[in-house]
file start-v6.txt (compact mmCIF, C-alpha atoms and all ligand atoms)
# COMPACT_ATOMS: atom_id res chain seq x y z
CA MET A 862 -15.96 -50.51 63.12
CA ARG A 863 -19.11 -51.01 65.23
CA ILE A 864 -19.65 -53.36 68.16
CA GLY A 865 -22.71 -55.60 68.20
CA THR A 866 -24.38 -58.38 70.14
CA ILE A 867 -27.74 -60.03 70.72
CA ALA A 868 -30.22 -58.66 73.23
CA SER A 869 -29.89 -60.92 76.26
CA HIS A 870 -27.39 -62.17 78.89
CA SER A 871 -24.78 -59.35 79.08
CA ALA A 872 -25.83 -57.20 76.13
CA LEU A 873 -26.34 -54.07 78.22
CA ASN A 874 -22.90 -54.52 79.75
CA ILE A 875 -21.34 -54.87 76.28
CA ILE A 876 -23.24 -52.08 74.54
CA SER A 877 -22.75 -49.50 77.29
CA GLY A 878 -19.02 -50.27 77.43
CA ALA A 879 -18.67 -49.95 73.67
CA LYS A 880 -20.37 -46.55 73.71
CA THR A 881 -18.18 -45.31 76.54
CA GLU A 882 -15.16 -46.17 74.42
CA GLY A 883 -16.58 -44.23 71.47
CA PHE A 884 -17.98 -47.05 69.34
CA GLU A 885 -21.34 -47.12 67.62
CA THR A 886 -23.36 -50.18 68.54
CA VAL A 887 -25.80 -52.67 67.04
CA LEU A 888 -28.19 -54.77 69.06
CA LEU A 889 -30.15 -57.64 67.54
CA SER A 890 -33.46 -57.89 69.33
CA THR A 891 -36.61 -59.94 69.04
CA PRO A 892 -39.89 -57.96 68.92
CA ASN A 893 -40.90 -58.82 72.50
CA ARG A 894 -37.64 -57.35 73.86
CA THR A 895 -37.22 -54.20 71.81
CA GLU A 896 -39.21 -51.85 74.05
CA PHE A 897 -37.19 -52.88 77.11
CA TYR A 898 -33.82 -52.57 75.33
CA ARG A 899 -34.83 -49.21 73.88
CA SER A 900 -35.62 -48.04 77.41
CA MET A 901 -32.10 -49.00 78.51
CA ASP A 902 -30.29 -47.91 75.35
CA SER A 903 -31.93 -44.83 73.85
CA ASN A 904 -29.64 -44.11 70.91
CA GLY A 905 -27.91 -47.27 69.67
CA GLU A 906 -29.10 -49.08 66.57
CA ILE A 907 -31.52 -51.91 67.30
CA ILE A 908 -32.25 -54.36 64.51
CA GLU A 909 -35.35 -56.47 65.02
CA VAL A 910 -35.14 -60.12 64.01
CA ASP A 911 -37.64 -62.96 64.35
CA SER A 912 -35.03 -65.13 66.00
CA PHE A 913 -31.51 -64.55 67.32
CA ALA A 914 -30.26 -67.21 64.91
CA ASP A 915 -30.94 -64.70 62.10
CA ILE A 916 -27.57 -63.22 63.04
CA LEU A 917 -26.08 -65.93 60.83
CA SER A 918 -27.65 -64.47 57.71
CA ILE A 919 -27.21 -60.78 58.48
CA GLN A 920 -24.52 -59.17 56.38
CA LEU A 921 -22.91 -56.27 58.23
CA ASP A 922 -19.30 -55.79 57.23
CA ASP A 923 -18.55 -53.10 59.77
CA VAL A 924 -19.55 -55.01 62.94
CA VAL A 925 -17.47 -57.11 65.31
CA TRP A 926 -19.84 -59.29 67.34
CA ILE A 927 -19.30 -59.98 71.03
CA PRO A 928 -20.47 -63.52 71.86
CA HIS A 929 -22.12 -64.26 75.20
CA GLY A 930 -24.05 -67.12 76.84
CA SER A 931 -27.16 -66.63 74.73
CA PHE A 932 -25.27 -67.26 71.48
CA VAL A 933 -24.86 -70.96 72.24
CA ALA A 934 -28.28 -71.19 73.93
CA TYR A 935 -30.21 -69.70 70.99
CA ILE A 936 -28.01 -70.33 67.96
CA GLY A 937 -26.17 -73.53 68.91
CA ALA A 938 -22.45 -74.24 69.26
CA GLN A 939 -22.17 -76.14 66.00
CA ARG A 940 -23.72 -73.41 63.91
CA ILE A 941 -21.50 -70.82 65.56
CA LEU A 942 -18.42 -72.91 64.92
CA GLU A 943 -19.34 -73.30 61.26
CA SER A 944 -20.21 -69.65 60.76
CA THR A 945 -17.95 -66.96 59.38
CA LEU A 946 -19.29 -64.35 61.83
CA PRO A 947 -16.49 -62.11 63.07
CA LEU A 948 -16.71 -62.97 66.78
CA PHE A 949 -14.39 -61.41 69.34
CA GLY A 950 -12.40 -64.17 71.07
CA ASN A 951 -11.46 -67.70 70.12
CA LYS A 952 -14.23 -69.92 68.72
CA GLU A 953 -12.01 -72.99 69.05
CA LEU A 954 -12.51 -72.93 72.82
CA LEU A 955 -16.23 -73.59 72.23
CA LYS A 956 -15.30 -77.04 70.98
CA TRP A 957 -13.43 -77.75 74.19
CA GLU A 958 -16.35 -76.42 76.22
CA GLU A 959 -18.97 -78.50 74.41
CA ASP A 960 -17.20 -81.85 74.53
CA ARG A 961 -16.90 -83.23 78.06
CA GLN A 962 -13.75 -85.20 77.30
CA LEU A 963 -11.99 -82.27 75.68
CA LYS A 964 -13.10 -80.11 78.58
CA ALA A 965 -11.51 -82.44 81.12
CA LYS A 966 -8.37 -82.67 79.00
CA LEU A 967 -7.93 -78.90 78.91
CA LEU A 968 -8.58 -78.51 82.64
CA HIS A 969 -6.03 -81.22 83.42
CA GLU A 970 -3.49 -79.78 80.99
CA SER A 971 -3.90 -76.51 82.88
CA GLY A 972 -3.03 -78.26 86.14
CA LEU A 973 -6.53 -77.91 87.58
CA GLU A 974 -8.21 -80.40 89.85
CA THR A 975 -11.57 -81.55 88.54
CA PRO A 976 -14.44 -83.58 90.02
CA LEU A 977 -14.11 -87.35 89.57
CA GLU A 978 -16.10 -88.62 86.58
CA PHE A 979 -17.88 -91.98 86.70
CA ASP A 980 -18.17 -93.68 83.31
CA ASP A 981 -19.76 -96.76 84.84
CA VAL A 982 -22.68 -96.43 87.26
CA ASN A 983 -21.38 -99.46 89.17
CA ASP A 984 -18.25 -97.55 90.17
CA ILE A 985 -20.20 -94.88 92.05
CA ASP A 986 -19.00 -94.81 95.64
CA ARG A 987 -19.98 -91.32 96.79
CA PRO A 988 -22.59 -88.59 96.28
CA VAL A 989 -22.76 -87.47 92.66
CA ILE A 990 -24.34 -84.92 90.37
CA VAL A 991 -25.88 -86.24 87.16
CA LYS A 992 -25.71 -83.82 84.26
CA THR A 993 -27.81 -84.34 81.17
CA TYR A 994 -26.17 -83.25 77.93
CA GLY A 995 -27.25 -80.02 76.39
CA ALA A 996 -28.98 -78.89 79.58
CA ALA A 997 -29.15 -75.13 79.61
CA GLY A 998 -28.21 -73.52 82.87
CA GLY A 999 -28.36 -76.60 85.08
CA GLU A 1000 -31.89 -77.56 84.11
CA GLY A 1001 -32.48 -81.29 84.40
CA TYR A 1002 -29.50 -81.97 86.63
CA PHE A 1003 -30.02 -84.06 89.74
CA ILE A 1004 -27.96 -85.11 92.70
CA ALA A 1005 -27.88 -88.58 94.22
CA LYS A 1006 -26.32 -89.83 97.40
CA ASP A 1007 -25.38 -93.26 96.04
CA LYS A 1008 -25.50 -95.68 93.13
CA ASP A 1009 -29.05 -96.91 93.87
CA GLU A 1010 -30.42 -93.41 93.79
CA VAL A 1011 -28.73 -92.79 90.46
CA LEU A 1012 -30.20 -95.98 88.99
CA LYS A 1013 -33.67 -94.99 90.21
CA ASN A 1014 -33.59 -91.56 88.59
CA ILE A 1015 -31.43 -91.90 85.53
CA PRO A 1016 -33.21 -90.85 82.32
CA SER A 1017 -33.26 -93.66 79.73
CA ASP A 1018 -33.70 -91.36 76.75
CA LYS A 1019 -30.90 -88.86 77.39
CA GLN A 1020 -27.14 -88.75 77.41
CA TYR A 1021 -25.65 -87.74 80.71
CA SER A 1022 -22.43 -87.58 82.66
CA ILE A 1023 -21.94 -88.45 86.30
CA GLN A 1024 -19.59 -86.42 88.47
CA GLU A 1025 -18.54 -86.54 92.08
CA TYR A 1026 -20.64 -83.96 93.96
CA VAL A 1027 -18.11 -81.51 95.37
CA VAL A 1028 -19.26 -79.86 98.58
CA GLY A 1029 -18.08 -76.30 98.97
CA THR A 1030 -18.58 -72.72 97.80
CA LYS A 1031 -19.14 -72.05 94.13
CA VAL A 1032 -16.75 -69.36 92.97
CA PHE A 1033 -16.70 -68.06 89.42
CA VAL A 1034 -13.65 -66.04 88.49
CA THR A 1035 -13.55 -63.96 85.33
CA TYR A 1036 -10.37 -63.01 83.55
CA PHE A 1037 -9.40 -60.78 80.68
CA ASN A 1038 -6.45 -61.81 78.56
CA SER A 1039 -5.19 -58.69 76.81
CA LEU A 1040 -3.18 -59.07 73.64
CA ALA A 1041 -2.76 -55.30 73.36
CA LYS A 1042 -1.28 -54.99 76.84
CA ASP A 1043 0.23 -58.47 76.84
CA ARG A 1044 -1.09 -59.30 80.28
CA LEU A 1045 -3.66 -61.35 82.13
CA GLU A 1046 -6.14 -59.47 84.31
CA VAL A 1047 -8.18 -61.10 87.06
CA PHE A 1048 -11.37 -59.17 86.52
CA GLY A 1049 -13.85 -60.18 89.18
CA ALA A 1050 -15.38 -63.01 91.14
CA ASP A 1051 -18.98 -63.92 91.80
CA ILE A 1052 -21.23 -66.59 93.18
CA ARG A 1053 -23.88 -67.94 90.88
CA TYR A 1054 -27.19 -68.12 92.65
CA GLU A 1055 -29.22 -71.12 91.61
CA THR A 1056 -32.79 -72.00 92.36
CA ASP A 1057 -33.40 -73.80 94.51
CA ALA A 1058 -30.08 -75.38 95.36
CA ASP A 1059 -29.22 -72.09 97.05
CA ALA A 1060 -32.58 -71.49 98.69
CA ASN A 1061 -32.69 -71.83 102.45
CA LEU A 1062 -35.92 -73.72 102.63
CA ARG A 1063 -36.76 -76.83 100.67
CA PHE A 1064 -38.87 -79.87 101.39
CA ASP A 1065 -37.43 -82.33 98.91
CA ASP A 1066 -34.04 -83.68 97.98
CA ARG A 1067 -34.17 -82.72 94.33
CA PRO A 1068 -32.71 -79.22 94.20
CA SER A 1069 -32.70 -77.46 90.87
CA PHE A 1070 -29.56 -75.77 89.53
CA VAL A 1071 -31.27 -73.29 87.23
CA VAL A 1072 -29.36 -70.03 87.44
CA ILE A 1073 -31.28 -67.01 88.71
CA GLY A 1074 -28.54 -64.41 88.97
CA ASN A 1075 -25.21 -63.62 90.55
CA LEU A 1076 -23.89 -62.29 93.82
CA PRO A 1077 -20.64 -60.38 94.22
CA MET A 1078 -17.70 -62.13 95.78
CA VAL A 1079 -14.43 -60.65 96.94
CA LEU A 1080 -11.94 -63.39 97.57
CA ARG A 1081 -9.37 -63.73 100.30
CA GLU A 1082 -6.31 -62.04 98.84
CA SER A 1083 -4.23 -65.18 99.30
CA THR A 1084 -6.84 -67.09 97.30
CA LEU A 1085 -6.96 -64.40 94.63
CA HIS A 1086 -3.28 -64.91 94.05
CA ARG A 1087 -3.94 -68.61 93.45
CA TYR A 1088 -6.61 -67.75 90.88
CA TYR A 1089 -4.18 -65.53 89.02
CA GLU A 1090 -1.89 -68.54 88.61
CA ILE A 1091 -4.85 -70.69 87.57
CA GLY A 1092 -5.73 -68.20 84.84
CA LYS A 1093 -2.18 -68.12 83.54
CA ASN A 1094 -1.98 -71.91 83.54
CA PHE A 1095 -5.27 -72.10 81.66
CA ILE A 1096 -4.02 -69.85 78.85
CA GLU A 1097 -0.77 -71.78 78.67
CA GLY A 1098 -2.57 -75.14 78.72
CA PHE A 1099 -4.77 -74.04 75.83
CA ARG A 1100 -1.73 -72.81 73.94
CA ARG A 1101 0.07 -76.13 74.41
CA LEU A 1102 -2.93 -78.14 73.21
CA THR A 1103 -3.94 -75.98 70.26
CA GLY A 1104 -1.08 -73.63 69.47
CA GLN A 1105 -3.61 -70.81 69.74
CA GLU A 1106 -4.16 -67.72 71.85
CA LEU A 1107 -7.16 -67.10 74.05
CA PRO A 1108 -7.91 -63.40 73.62
CA GLY A 1109 -10.38 -61.49 75.74
CA PRO A 1110 -12.67 -62.60 78.55
CA PHE A 1111 -12.95 -66.09 79.96
CA CYS A 1112 -14.22 -67.59 83.19
CA ILE A 1113 -13.22 -70.57 85.29
CA GLU A 1114 -16.01 -72.08 87.35
CA THR A 1115 -14.84 -73.65 90.58
CA ILE A 1116 -15.87 -75.00 93.94
CA ILE A 1117 -13.63 -74.31 96.94
CA ASP A 1118 -13.96 -76.92 99.67
CA ARG A 1119 -13.32 -76.73 103.41
CA ASP A 1120 -9.63 -77.53 102.89
CA GLN A 1121 -9.41 -74.66 100.40
CA ARG A 1122 -8.97 -77.14 97.59
CA ILE A 1123 -10.02 -75.51 94.34
CA CYS A 1124 -11.91 -77.82 92.04
CA ALA A 1125 -12.77 -76.65 88.51
CA PHE A 1126 -15.87 -78.09 86.88
CA GLU A 1127 -16.44 -75.76 83.93
CA PHE A 1128 -15.11 -72.82 81.95
CA SER A 1129 -16.45 -70.30 79.45
CA GLY A 1130 -14.37 -68.66 76.75
CA ARG A 1131 -16.37 -65.45 76.57
CA ILE A 1132 -17.98 -62.79 78.70
CA VAL A 1133 -20.06 -64.34 81.49
CA ALA A 1134 -23.17 -62.80 83.01
CA GLY A 1135 -21.46 -62.71 86.40
CA THR A 1136 -19.59 -59.64 85.16
CA ASN A 1137 -22.90 -57.74 85.06
CA ILE A 1138 -22.58 -57.15 88.79
CA TRP A 1139 -19.28 -55.36 88.20
CA ILE A 1140 -20.72 -52.37 86.34
CA PRO A 1141 -19.19 -49.79 86.60
CA SER A 1142 -16.20 -51.47 88.20
CA SER A 1143 -15.01 -54.45 90.14
CA PRO A 1144 -12.50 -53.82 92.91
CA TYR A 1145 -9.91 -55.66 90.85
CA SER A 1146 -10.51 -53.81 87.58
CA PHE A 1147 -10.50 -50.51 89.46
CA LEU A 1148 -7.14 -51.36 91.00
CA GLN A 1149 -5.72 -52.24 87.60
CA PHE A 1150 -7.03 -49.22 85.70
CA GLY A 1151 -7.55 -46.46 88.28
CA GLU A 1152 -10.82 -45.72 86.52
CA GLU A 1153 -14.20 -47.36 86.22
CA MET A 1154 -13.79 -50.48 84.11
CA TRP A 1155 -16.50 -53.03 83.47
CA MET A 1156 -16.22 -55.98 81.15
CA GLY A 1157 -18.09 -54.42 78.23
CA LYS A 1158 -15.84 -51.39 78.43
CA ARG A 1159 -12.76 -53.58 78.81
CA ILE A 1160 -13.62 -55.47 75.63
CA ALA A 1161 -14.17 -52.24 73.69
CA ARG A 1162 -10.91 -50.77 75.04
CA GLU A 1163 -9.06 -53.84 73.78
CA ILE A 1164 -10.73 -53.67 70.36
CA GLY A 1165 -9.80 -49.99 70.10
CA GLU A 1166 -6.18 -50.59 71.08
CA LEU A 1167 -5.79 -53.56 68.73
CA MET A 1168 -7.32 -51.52 65.89
CA GLN A 1169 -4.79 -48.78 66.47
CA GLU A 1170 -2.01 -51.33 66.10
CA ASP A 1171 -3.77 -52.95 63.14
CA ARG A 1172 -3.96 -56.24 65.08
CA LEU A 1173 -7.69 -56.78 65.54
CA ASP A 1174 -7.57 -59.98 63.47
CA GLU A 1175 -5.48 -61.59 66.23
CA ALA A 1176 -8.51 -61.41 68.55
CA ILE A 1177 -11.11 -62.70 66.08
CA LEU A 1178 -10.32 -66.40 65.81
P1 LIG B 1201 -30.77 -66.21 78.56
O1 LIG B 1201 -30.44 -65.34 77.40
O2 LIG B 1201 -31.02 -65.50 79.85
O3 LIG B 1201 -31.86 -67.20 78.23
O4 LIG B 1201 -29.48 -67.07 78.84
C1 LIG B 1201 -28.82 -67.79 77.83
C2 LIG B 1201 -27.91 -68.82 78.45
O5 LIG B 1201 -26.98 -68.20 79.32
C3 LIG B 1201 -28.66 -69.86 79.29
O6 LIG B 1201 -28.03 -71.10 79.12
C4 LIG B 1201 -28.50 -69.36 80.71
O7 LIG B 1201 -28.52 -70.40 81.63
C5 LIG B 1201 -27.12 -68.69 80.64
N1 LIG B 1201 -27.09 -67.59 81.59
C6 LIG B 1201 -27.82 -66.48 81.55
N2 LIG B 1201 -27.56 -65.69 82.61
C7 LIG B 1201 -26.64 -66.36 83.33
C8 LIG B 1201 -25.97 -66.10 84.55
N3 LIG B 1201 -26.22 -65.00 85.26
N4 LIG B 1201 -25.06 -67.00 84.98
C9 LIG B 1201 -24.83 -68.12 84.29
N5 LIG B 1201 -25.43 -68.43 83.16
C10 LIG B 1201 -26.34 -67.58 82.67
P1 LIG B 1202 -22.61 -76.61 85.02
O1 LIG B 1202 -23.73 -76.81 84.04
O2 LIG B 1202 -21.53 -77.65 84.89
O3 LIG B 1202 -22.07 -75.19 84.94
O4 LIG B 1202 -23.23 -76.78 86.48
C1 LIG B 1202 -24.36 -76.05 86.93
C2 LIG B 1202 -24.33 -76.02 88.46
O5 LIG B 1202 -24.33 -77.34 89.01
C3 LIG B 1202 -23.09 -75.36 89.03
O6 LIG B 1202 -23.20 -73.97 89.08
C4 LIG B 1202 -23.02 -75.97 90.42
O7 LIG B 1202 -23.92 -75.38 91.34
C5 LIG B 1202 -23.52 -77.38 90.19
N1 LIG B 1202 -22.40 -78.30 89.95
C6 LIG B 1202 -21.87 -78.64 88.76
N2 LIG B 1202 -20.89 -79.58 88.91
C7 LIG B 1202 -20.81 -79.84 90.23
C8 LIG B 1202 -20.01 -80.74 91.02
N3 LIG B 1202 -19.14 -81.56 90.47
N4 LIG B 1202 -20.20 -80.74 92.36
C9 LIG B 1202 -21.12 -79.92 92.92
N5 LIG B 1202 -21.92 -79.08 92.24
C10 LIG B 1202 -21.78 -79.03 90.90

call {"tool": "encode", "arguments": {"input": "start-v6.txt", "output": "structure tokens"}}
result
Amino acid sequence: MRIGTIASHSALNIISGAKTEGFETVLLSTPNRTEFYRSMDSNGEIIEVDSFADILSIQLDDVVWIPHGSFVAYIGAQRILESTLPLFGNKELLKWEEDRQLKAKLLHESGLETPLEFDDVNDIDRPVIVKTYGAAGGEGYFIAKDKDEVLKNIPSDKQYSIQEYVVGTKVFVTYFNSLAKDRLEVFGADIRYETDADANLRFDDRPSFVVIGNLPMVLRESTLHRYYEIGKNFIEGFRRLTGQELPGPFCIETIIDRDQRICAFEFSGRIVAGTNIWIPSSPYSFLQFGEEMWMGKRIAREIGELMQEDRLDEAIL
């Protein structure tokens, strides 16, 4: 069995971890990226494709693919859901991630607080963030201090949702749910740095939320404990709603306010790019394993252990 992915997002994380665990790797790359990826990965197989979506027509029976953020961005959620690609993790969660109502349902079922949603503009009674559908990485979002400002800026040609703007610190916590070890691991935390909402100097009131990268975060230990419970509740909530497991990495995206209220606004059922800062180890993964352990390596370790027990199919849903 080989481990493969597409050349963006957290591919280097995934490929290096797979190699460390003794797997051969496959990277799908577009021509403009190949030289760079070859410089980072001198001996893995690189297959050049015109577009990442070509993954859907590539027939490689010996590869398990590791999905990351660029899969949805470049291939599309629907096409992934309809495909028969052997993807590590649970595709079903993509449906819950894509649909705003399902998303809220799952977060609530997991006992998480979420930002208020305004279905009717006339109900707006506080600062809000307006999110256009299908926006990649926060592009096209805007914030407004009241109803009038929303009405002035709302796009007429796009679907959008309106959420209470939660003031606080953005904290993204990544987990690994191991079927082989039958345990949940809190893997690492980070802060997503977004231009120019996070910039110190700005001369307008229209900050952009386009993600630039990630900064490491080590949480208060008392808060970390709360996130462990959140992760467990999330897995159980998903199980109650779908009867299915959530194998492998996932992330819960939250804002912690001044009263230490944790508000969840998003989740991802796959490796997130925030784990790239935790190569070769996060403090939490090091504590759990007593060795260097980054997310790509963690995924490959799980695949190896499940293969040994002849259970890999349980993690490809
Ligand atoms: P890219 O391959 O860099 O174009 O990214 C594909 C998708 O993943 C886009 O929607 C990005 O916004 C998202 N993405 C990439 N890197 C990060 C990151 N560090 N944090 C959050 N999202 C990211
Ligand atoms: P999302 O596309 O939902 O992941 O949101 C992109 C970014 O918008 C987040 O990383 C936050 O910085 C910001 N954001 C999203 N929802 C909220 C909210 N309800 N309150 C404040 N900021 C938010």

call {"tool": "residues_near_ligand", "arguments": {"input": "start-v6.txt", "ligand": "ligand LIG 1202 (chain B)", "cutoff": "8 Å", "atoms": "only C-alpha atoms and all ligand atoms", "output": "PyMOL selection string"}}
result
chain A and resi 975-977+989-990+992+996-999+1002+1024-1029+1031+1053-1055+1058+1070-1072+1114+1116+1126-1128

call {"tool": "residues_near_ligand", "arguments": {"input": "start-v6.txt", "ligand": "ligand LIG 1201 (chain B)", "cutoff": "6 Å", "atoms": "all atoms listed in the file", "output": "PyMOL selection string"}}
result
chain A and resi 869-870+930-931+934+997-998+1072+1074-1075+1134-1135

call {"tool": "closest_atom_pairs", "arguments": {"input": "start-v6.txt", "of": "stretch 1019-1049 of chain A", "to": "stretch 946-969 of chain A", "cutoff": "12 Å", "atoms": "all atoms listed in the file", "output": "tab-separated table"}}
result
residue	atom	partner	partner_atom	distance
A:Gln1020	CA	A:Arg961	CA	11.7
A:Tyr1021	CA	A:Arg961	CA	10.2
A:Ser1022	CA	A:Arg961	CA	8.4
A:Ile1023	CA	A:Arg961	CA	11.0
A:Gln1024	CA	A:Arg961	CA	11.2
A:Phe1037	CA	A:Gly950	CA	10.6
A:Asn1038	CA	A:Gly950	CA	9.9
A:Ser1039	CA	A:Gly950	CA	10.7
A:Leu1040	CA	A:Gly950	CA	10.8

call {"tool": "atom_distance", "arguments": {"input": "start-v6.txt", "atom1": "atom CA of A:Arg1131", "atom2": "atom CA of A:Ile1004"}}
result
27.9 Å

call {"tool": "atom_distance", "arguments": {"input": "start-v6.txt", "atom1": "atom CA of A:Phe1095", "atom2": "atom CA of A:Asp980"}}
result
25.2 Å

call {"tool": "closest_residue", "arguments": {"input": "start-v6.txt", "among": "A:Val991, A:Asp915, A:Val1032, A:Asp1118", "to": "A:Ser1069", "atoms": "only C-alpha atoms"}}
result
A:Val991

call {"tool": "atom_distance", "arguments": {"input": "start-v6.txt", "atom1": "atom CA of A:Asp923", "atom2": "atom CA of A:Gly865"}}
result
9.7 Å

call {"tool": "axis_aligned_box", "arguments": {"input": "start-v6.txt", "around": "stretch 1155-1163 of chain A", "padding_each_side": "5 Å", "output": "lines of an AutoDock Vina configuration file"}}
result
center_x = -13.6
center_y = -53.4
center_z = 78.6
size_x = 19.0
size_y = 15.2
size_z = 19.8

call {"tool": "residues_around", "arguments": {"input": "start-v6.txt", "residues": "A:Ser912", "least_positions_apart": "5", "cutoff": "12 Å", "atoms": "only C-alpha atoms", "output": "ChimeraX atom specification"}}
result
/A:867-868,889-894,917-919,931-932,935-936

call {"tool": "residues_around", "arguments": {"input": "start-v6.txt", "residues": "A:Cys1112", "least_positions_apart": "3", "cutoff": "7 Å", "atoms": "only C-alpha atoms", "output": "VMD selection string"}}
result
chain A and resid 1033 to 1036 1128 to 1130 1133

call {"tool": "closest_residue", "arguments": {"input": "start-v6.txt", "among": "A:Arg1101, A:Lys1042, A:Arg1063, A:His929", "to": "A:Glu1166", "atoms": "all atoms listed in the file"}}
result
A:Lys1042

call {"tool": "closest_residue", "arguments": {"input": "start-v6.txt", "among": "A:Val910, A:Glu1090, A:Leu1178, A:Asp986", "to": "A:Glu1010", "atoms": "all atoms listed in the file"}}
result
A:Asp986

call {"tool": "closest_residue", "arguments": {"input": "start-v6.txt", "among": "A:Thr993, A:Arg1100, A:Asp911, A:Asp1057", "to": "A:Ile1015", "atoms": "all atoms listed in the file"}}
result
A:Thr993

call {"tool": "closest_residue", "arguments": {"input": "start-v6.txt", "among": "A:Lys1008, A:Arg863, A:Arg899, A:His1086", "to": "A:Gly883", "atoms": "all atoms listed in the file"}}
result
A:Arg863

call {"tool": "closest_residue", "arguments": {"input": "start-v6.txt", "among": "A:Phe897, A:Thr945, A:Glu1170, A:Lys1158", "to": "A:Gln920", "atoms": "only C-alpha atoms"}}
result
A:Thr945

call {"tool": "residues_around", "arguments": {"input": "start-v6.txt", "residues": "stretch 1141-1147 of chain A", "least_positions_apart": "6", "cutoff": "10 Å", "atoms": "all atoms listed in the file", "output": "compact mmCIF listing (two decimals) with C-alpha atoms, in the frame of the given file"}}
result
# COMPACT_ATOMS: atom_id res chain seq x y z
CA ASN A 874 -22.90 -54.52 79.75
CA SER A 877 -22.75 -49.50 77.29
CA GLY A 878 -19.02 -50.27 77.43
CA PHE A 1037 -9.40 -60.78 80.68
CA GLU A 1046 -6.14 -59.47 84.31
CA VAL A 1047 -8.18 -61.10 87.06
CA PHE A 1048 -11.37 -59.17 86.52
CA GLY A 1049 -13.85 -60.18 89.18
CA ALA A 1050 -15.38 -63.01 91.14
CA PRO A 1077 -20.64 -60.38 94.22
CA MET A 1078 -17.70 -62.13 95.78
CA VAL A 1079 -14.43 -60.65 96.94
CA LEU A 1085 -6.96 -64.40 94.63
CA GLU A 1153 -14.20 -47.36 86.22
CA MET A 1154 -13.79 -50.48 84.11
CA TRP A 1155 -16.50 -53.03 83.47
CA MET A 1156 -16.22 -55.98 81.15
CA GLY A 1157 -18.09 -54.42 78.23
CA LYS A 1158 -15.84 -51.39 78.43
CA ARG A 1159 -12.76 -53.58 78.81

call {"tool": "decode", "arguments": {"input": "start-v6.txt", "residues": "stretch 1004-1015 of chain A", "atoms": "N, CA and C atoms", "output": "PDB file, in the first residue's frame"}}
result
ATOM      1  N   ILE A1004     -17.583  42.293   7.676  1.00  0.00           N
ATOM      2  CA  ILE A1004     -18.200  42.480   8.981  1.00  0.00           C
ATOM      3  C   ILE A1004     -19.005  43.783   8.944  1.00  0.00           C
ATOM      4  N   ALA A1005     -20.028  43.827   9.774  1.00  0.00           N
ATOM      5  CA  ALA A1005     -20.890  45.016   9.809  1.00  0.00           C
ATOM      6  C   ALA A1005     -21.324  45.248  11.243  1.00  0.00           C
ATOM      7  N   LYS A1006     -21.394  46.524  11.613  1.00  0.00           N
ATOM      8  CA  LYS A1006     -21.691  46.778  13.024  1.00  0.00           C
ATOM      9  C   LYS A1006     -23.197  46.750  13.315  1.00  0.00           C
ATOM     10  N   ASP A1007     -24.010  46.919  12.271  1.00  0.00           N
ATOM     11  CA  ASP A1007     -25.463  46.863  12.499  1.00  0.00           C
ATOM     12  C   ASP A1007     -26.211  46.497  11.203  1.00  0.00           C
ATOM     13  N   LYS A1008     -27.516  46.460  11.328  1.00  0.00           N
ATOM     14  CA  LYS A1008     -28.375  46.070  10.209  1.00  0.00           C
ATOM     15  C   LYS A1008     -28.174  46.962   8.978  1.00  0.00           C
ATOM     16  N   ASP A1009     -28.099  48.291   9.201  1.00  0.00           N
ATOM     17  CA  ASP A1009     -27.973  49.218   8.067  1.00  0.00           C
ATOM     18  C   ASP A1009     -26.709  48.940   7.269  1.00  0.00           C
ATOM     19  N   GLU A1010     -25.644  48.666   7.989  1.00  0.00           N
ATOM     20  CA  GLU A1010     -24.387  48.404   7.301  1.00  0.00           C
ATOM     21  C   GLU A1010     -24.473  47.097   6.499  1.00  0.00           C
ATOM     22  N   VAL A1011     -25.190  46.143   7.018  1.00  0.00           N
ATOM     23  CA  VAL A1011     -25.373  44.891   6.270  1.00  0.00           C
ATOM     24  C   VAL A1011     -26.142  45.187   4.985  1.00  0.00           C
ATOM     25  N   LEU A1012     -27.248  45.925   5.113  1.00  0.00           N
ATOM     26  CA  LEU A1012     -28.090  46.213   3.949  1.00  0.00           C
ATOM     27  C   LEU A1012     -27.307  46.966   2.871  1.00  0.00           C
ATOM     28  N   LYS A1013     -26.412  47.836   3.306  1.00  0.00           N
ATOM     29  CA  LYS A1013     -25.612  48.632   2.364  1.00  0.00           C
ATOM     30  C   LYS A1013     -24.633  47.754   1.569  1.00  0.00           C
ATOM     31  N   ASN A1014     -24.128  46.718   2.202  1.00  0.00           N
ATOM     32  CA  ASN A1014     -23.040  45.954   1.579  1.00  0.00           C
ATOM     33  C   ASN A1014     -23.394  44.570   1.073  1.00  0.00           C
ATOM     34  N   ILE A1015     -24.616  44.165   1.321  1.00  0.00           N
ATOM     35  CA  ILE A1015     -24.972  42.784   1.006  1.00  0.00           C
ATOM     36  C   ILE A1015     -24.935  42.543  -0.505  1.00  0.00           C
TER      37      ILE A1015
END
